[in-house]
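Chemist: Okay, here's the structure, questions in a sec.
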Amino acid sequence: MKKTVCYIAEGFIILLFLFPFYIMFYLALSAKEDNIAAEWFPFSLQFQNFADAWEQADLGGALFNSFIITFGAVIILVFCAACGGYAAARNKGKINRIIFNVMILSMMVPGIINTVPLYIIMRRINGINSYWAMMLLLACQCLPFSVFMYEGFIRSIEPALEEAAVIDGCTRFSAFWKIVFPLLKPITVTIIIMQGVGIWNNYAQAVFFLQNQNYHTIPLAVSTFFQAYGADYNLLAAGVMIGMAPIVIIFILFQKQFVKGLSTGAVKG
Amino acid sequence: MKTGKKRVSDNLHRFMFLPATVLFFIFFIIPLCQGIGVSLTDWNGFSDEWNFIGLENFIRFFQDERAINAIKTTLVFGLVSPVLLNIFGLLLAIFFDSKTIRGTTLARTAVYMPSIISPLIMGYLWTLILSPQTGVIDEIFQHFGLSFSFDWMGDTQKALWLIIIVNVWQFAGGPMMIYLAGLQSIPADLYEAAKMDGANAFQLFRNVTWPLLYPAARINIFTNIIGSMAVFDIIMSITGGGPGYATESLSIYIYRQSFNGFAGYATAVAIIMFIIIAIPIAVSMRWMKNKEADV
């Protein structure tokens, strides 16, 4: 009896969370006159919707931009955060401690608060509508949390390991990359996944600094598309579905890492 | 020459905090300081001229009804969402942690999946479902000949609650996963011992489970409050701040003001927003700390 109730509840939960995606799938594959109440499956199979949405929202270009920016930002982030976390964990000088604590405090400040003054700086460094400045900016937004994670993890590694390498003739810097960094793999994977998703989905900064259509990322392209084609639901749903696809595919492929990443983050915090 | 090069690479490790620090200064500390200066001007965001106007922007903020409404929206969204996210996250975690049924991995994945998708895009999907007249829900009503319309999006009273519900639906998976990790780290013999002492299910939860979930609750509450107070994307895509200004949060207010030639004013609003956010975070952190000390 209890089991049955639990199974019903489980089924209800799955339905509740997946049904909106089914509606999206239905709309994206049906024609204007189709109605989900009349036909539960989009039998008219309008694959043309995808082709139209792809072209009219310039999703190909947006996908390319999103990929470049996310890729670059994540590499910058991992490099800076791993080095920074190492410095904070191993070199407890006064300056390092101050920088580290200020970074921790900055996690409380939402990104949007800095937007206007950031705009001034972005203009001065010629970073409006550019890949490189957006990469640096988004990497910086994820930096405090990532440094914090690396610092905690590096502290749990014995310094004797690097010291042995230094005695063997390595410099400390190369000892870090050769000996310590490979040990940090679980944290690195967590950071790439968790922060990579945030960077990929970023809208609040992109909407200010990537106004040129040629630099539109996926969220920007979808939002422009909605403003332009507000009434054509089938086309819009196809656009939404293409916009979601990359991240959903990555999620399905790397599910285990996502879950592990979340829990490591929780335990460390 | 060679010895000089060697010395540089020998000392490289001393500068390992440098890349992060430079990045952090250029894109966080400098704008933060500059923001205080900009908030005291009437700068419009594009011209090269501006005038120092003292605290006028701050005075204007508290005289602006739209701004006060944005504070209210931000506080309602920013306090209700975290509470609901934690309640549902915890309930789902407890449900999935019990070993009475199978197939929970699939269900967990389904619950978690929406949270990795851009809230902007997710919000757009929901508008296709919830829009009055043209949305899927109303289409179903029309199909069955019902004249009823599900019009929460266009209702000044209900629109914000609709966005809160969508937001909780989308992001309940994150807190759930973190609570699950917390639940799974509780050793089973603790429960055994408590059961031996004759504790019932409620007492078990109250005295064993919940205290041991404090670290998970702390990280959840902290991240949820920060995320919800700064809410931007999901409101932009569902109502755009409307109807009227009914669902306009401080983030959206800042966005609109800075695009409408009031960059100085928008920066002043940002500073006020920071103060408004810092208070609930400080209070909740203190509360959690005291709780943890009690255990």
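In the structure tokens, chains take letters A, B, ... by order of appearance, with residues numbered from 1 within each chain and ligands from 1 in the order shown.
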At a cut-off of 7 Å, list the chain B residues touching chain A, using only C-alpha atoms, as a tab-separated table (two decimals) with N, CA and C atoms, in the first residue's frame.

Modeler:
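Below is the file that was written, iface_14.tsv:
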```
chain	number	residue	atom	x	y	z
B	9	SER	N	62.11	31.78	-13.48
B	9	SER	CA	61.24	30.61	-13.34
B	9	SER	C	61.27	30.06	-11.92
B	10	ASP	N	62.39	30.28	-11.21
B	10	ASP	CA	62.45	29.84	-9.82
B	10	ASP	C	61.47	30.62	-8.95
B	12	LEU	N	58.68	32.08	-10.06
B	12	LEU	CA	57.36	32.18	-10.68
B	12	LEU	C	56.24	31.90	-9.67
B	13	HIS	N	56.49	30.95	-8.75
B	13	HIS	CA	55.43	30.56	-7.83
B	13	HIS	C	55.03	31.69	-6.90
B	16	MET	N	51.82	33.53	-8.23
B	16	MET	CA	50.70	32.71	-8.68
B	16	MET	C	49.34	33.32	-8.36
B	17	PHE	N	49.30	34.21	-7.40
B	17	PHE	CA	48.02	34.86	-7.13
B	17	PHE	C	47.78	36.03	-8.09
B	19	PRO	N	47.54	36.49	-11.57
B	19	PRO	CA	46.50	36.52	-12.62
B	19	PRO	C	45.10	36.71	-12.02
B	20	ALA	N	44.80	35.93	-10.97
B	20	ALA	CA	43.48	36.06	-10.36
B	20	ALA	C	43.27	37.45	-9.78
B	23	LEU	N	42.73	40.12	-12.56
B	23	LEU	CA	41.38	39.97	-13.12
B	23	LEU	C	40.34	40.52	-12.15
B	24	PHE	N	40.50	40.15	-10.89
B	24	PHE	CA	39.55	40.54	-9.85
B	24	PHE	C	39.55	42.07	-9.67
B	27	PHE	N	37.92	43.76	-13.04
B	27	PHE	CA	36.50	43.53	-13.30
B	27	PHE	C	35.62	43.53	-12.05
B	31	PRO	N	35.58	48.64	-10.70
B	31	PRO	CA	34.19	49.08	-10.95
B	31	PRO	C	33.43	49.38	-9.67
B	32	LEU	N	33.68	48.57	-8.64
B	32	LEU	CA	32.96	48.78	-7.38
B	32	LEU	C	33.27	50.16	-6.81
B	34	GLN	N	34.62	52.73	-8.52
B	34	GLN	CA	34.19	53.75	-9.46
B	34	GLN	C	32.68	53.97	-9.36
B	35	GLY	N	31.96	52.90	-9.05
B	35	GLY	CA	30.51	53.00	-8.95
B	35	GLY	C	30.07	54.03	-7.93
B	100	THR	N	12.12	2.80	-0.16
B	100	THR	CA	10.96	1.95	-0.39
B	100	THR	C	10.71	1.68	-1.88
B	101	ILE	N	11.11	2.62	-2.76
B	101	ILE	CA	10.80	2.40	-4.18
B	101	ILE	C	12.05	2.45	-5.03
B	107	ALA	N	13.91	9.85	-11.66
B	107	ALA	CA	13.10	10.95	-11.13
B	107	ALA	C	13.99	12.10	-10.68
B	110	ALA	N	15.17	13.97	-13.62
B	110	ALA	CA	14.10	14.80	-14.16
B	110	ALA	C	13.93	16.08	-13.35
B	111	VAL	N	14.03	15.95	-12.03
B	111	VAL	CA	13.84	17.13	-11.17
B	111	VAL	C	15.01	18.10	-11.34
B	116	ILE	N	19.73	23.29	-14.99
B	116	ILE	CA	20.93	23.60	-15.76
B	116	ILE	C	20.61	24.45	-16.98
B	117	ILE	N	19.33	24.63	-17.25
B	117	ILE	CA	18.94	25.39	-18.44
B	117	ILE	C	18.85	26.87	-18.10
B	118	SER	N	19.20	27.71	-19.06
B	118	SER	CA	19.15	29.16	-18.86
B	118	SER	C	17.75	29.57	-18.40
B	120	LEU	N	16.38	32.28	-18.59
B	120	LEU	CA	15.77	33.11	-19.62
B	120	LEU	C	15.01	32.24	-20.63
B	121	ILE	N	15.68	31.21	-21.12
B	121	ILE	CA	15.07	30.33	-22.12
B	121	ILE	C	13.93	29.54	-21.50
B	125	LEU	N	9.95	29.40	-22.54
B	125	LEU	CA	9.13	28.20	-22.75
B	125	LEU	C	7.83	28.30	-21.95
B	128	LEU	N	5.07	30.28	-23.49
B	128	LEU	CA	4.31	29.58	-24.53
B	128	LEU	C	3.18	28.77	-23.90
B	140	ILE	N	-6.04	24.52	-24.52
B	140	ILE	CA	-6.73	23.30	-24.07
B	140	ILE	C	-8.13	23.65	-23.57
B	143	HIS	N	-10.32	24.24	-26.49
B	143	HIS	CA	-10.66	23.01	-27.19
B	143	HIS	C	-11.87	22.34	-26.56
B	178	ILE	N	21.69	18.82	-2.95
B	178	ILE	CA	22.58	19.13	-1.83
B	178	ILE	C	22.04	18.51	-0.54
B	181	ALA	N	22.80	14.80	-0.65
B	181	ALA	CA	24.18	14.51	-0.27
B	181	ALA	C	24.32	14.57	1.24
B	216	ALA	N	24.28	21.65	4.91
B	216	ALA	CA	23.59	21.68	3.61
B	216	ALA	C	22.60	22.83	3.56
B	219	ILE	N	24.45	26.26	3.03
B	219	ILE	CA	24.89	26.58	1.67
B	219	ILE	C	23.68	26.87	0.78
B	226	ILE	N	21.09	34.91	-2.37
B	226	ILE	CA	21.85	35.77	-3.29
B	226	ILE	C	21.26	35.68	-4.70
B	230	ALA	N	18.90	38.82	-6.71
B	230	ALA	CA	19.41	39.45	-7.93
B	230	ALA	C	18.61	39.02	-9.15
B	232	PHE	N	16.81	38.26	-12.43
B	232	PHE	CA	16.78	39.10	-13.63
B	232	PHE	C	16.22	38.34	-14.82
B	233	ASP	N	16.91	37.26	-15.21
B	233	ASP	CA	16.58	36.55	-16.45
B	233	ASP	C	15.13	36.10	-16.52
B	251	SER	N	16.98	44.56	-10.11
B	251	SER	CA	17.90	44.31	-11.23
B	251	SER	C	17.33	44.85	-12.54
B	263	ALA	N	22.44	56.51	-16.23
B	263	ALA	CA	23.48	55.60	-15.72
B	263	ALA	C	23.88	55.97	-14.30
B	267	THR	N	23.38	53.48	-11.04
B	267	THR	CA	24.47	53.07	-10.15
B	267	THR	C	24.11	53.32	-8.69
B	270	ALA	N	21.98	50.59	-7.67
B	270	ALA	CA	22.77	49.38	-7.44
B	270	ALA	C	23.36	49.37	-6.04
B	274	PHE	N	22.59	46.69	-3.11
B	274	PHE	CA	23.60	45.92	-2.39
B	274	PHE	C	23.30	45.91	-0.89
```

Chemist: For the structure I just gave you, how does DSSP split stretch 67-208 of chain B - specifically, which residues are alpha helix (DSSP H)? Reply as a VMD selection string.

Modeler: chain B and resid 67 to 97 104 to 112 119 to 130 136 to 143 159 to 171 173 to 184 188 to 196 201 to 204

Chemist: Taking only C-alpha atoms into account, which of B:Ala193, B:Ala278, B:Met236, B:Met285 comes nearest B:Tyr214?

Modeler: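 Checking each candidate against B:Tyr214, we get B:Met285 as the closest.
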
Chemist: One decimal, in Å: what's the spacing between atom CA of A:Thr188 and atom CA of A:Cys142?

Modeler: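 Answer for the atom CA of A:Thr188 to atom CA of A:Cys142 separation: 13.0 Å.
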
Chemist: Looking at only C-alpha atoms, which of B:Ala199, B:Gly37, B:Thr223, B:Tyr179 is the one that sits closest to A:Phe145?

Modeler: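 Among the listed residues, B:Thr223 lies closest to A:Phe145.
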
Chemist: Between A:Tyr150, A:Gln257, A:Ala221, A:Gln211, single out the one closest to B:Phe259, counting only C-alpha atoms.

Modeler: A:Gln211

Chemist: Write out as a ChimeraX atom specification the residues lying within 8 Å of B:Ile53, counting only C-alpha atoms and excluding same-chain residues fewer than 6 positions away.

Modeler: /B:40-42

Chemist: One decimal, in Å: what's the spacing between atom CA of B:Gly89 and atom CA of B:Pro280?

Modeler: 20.5 Å
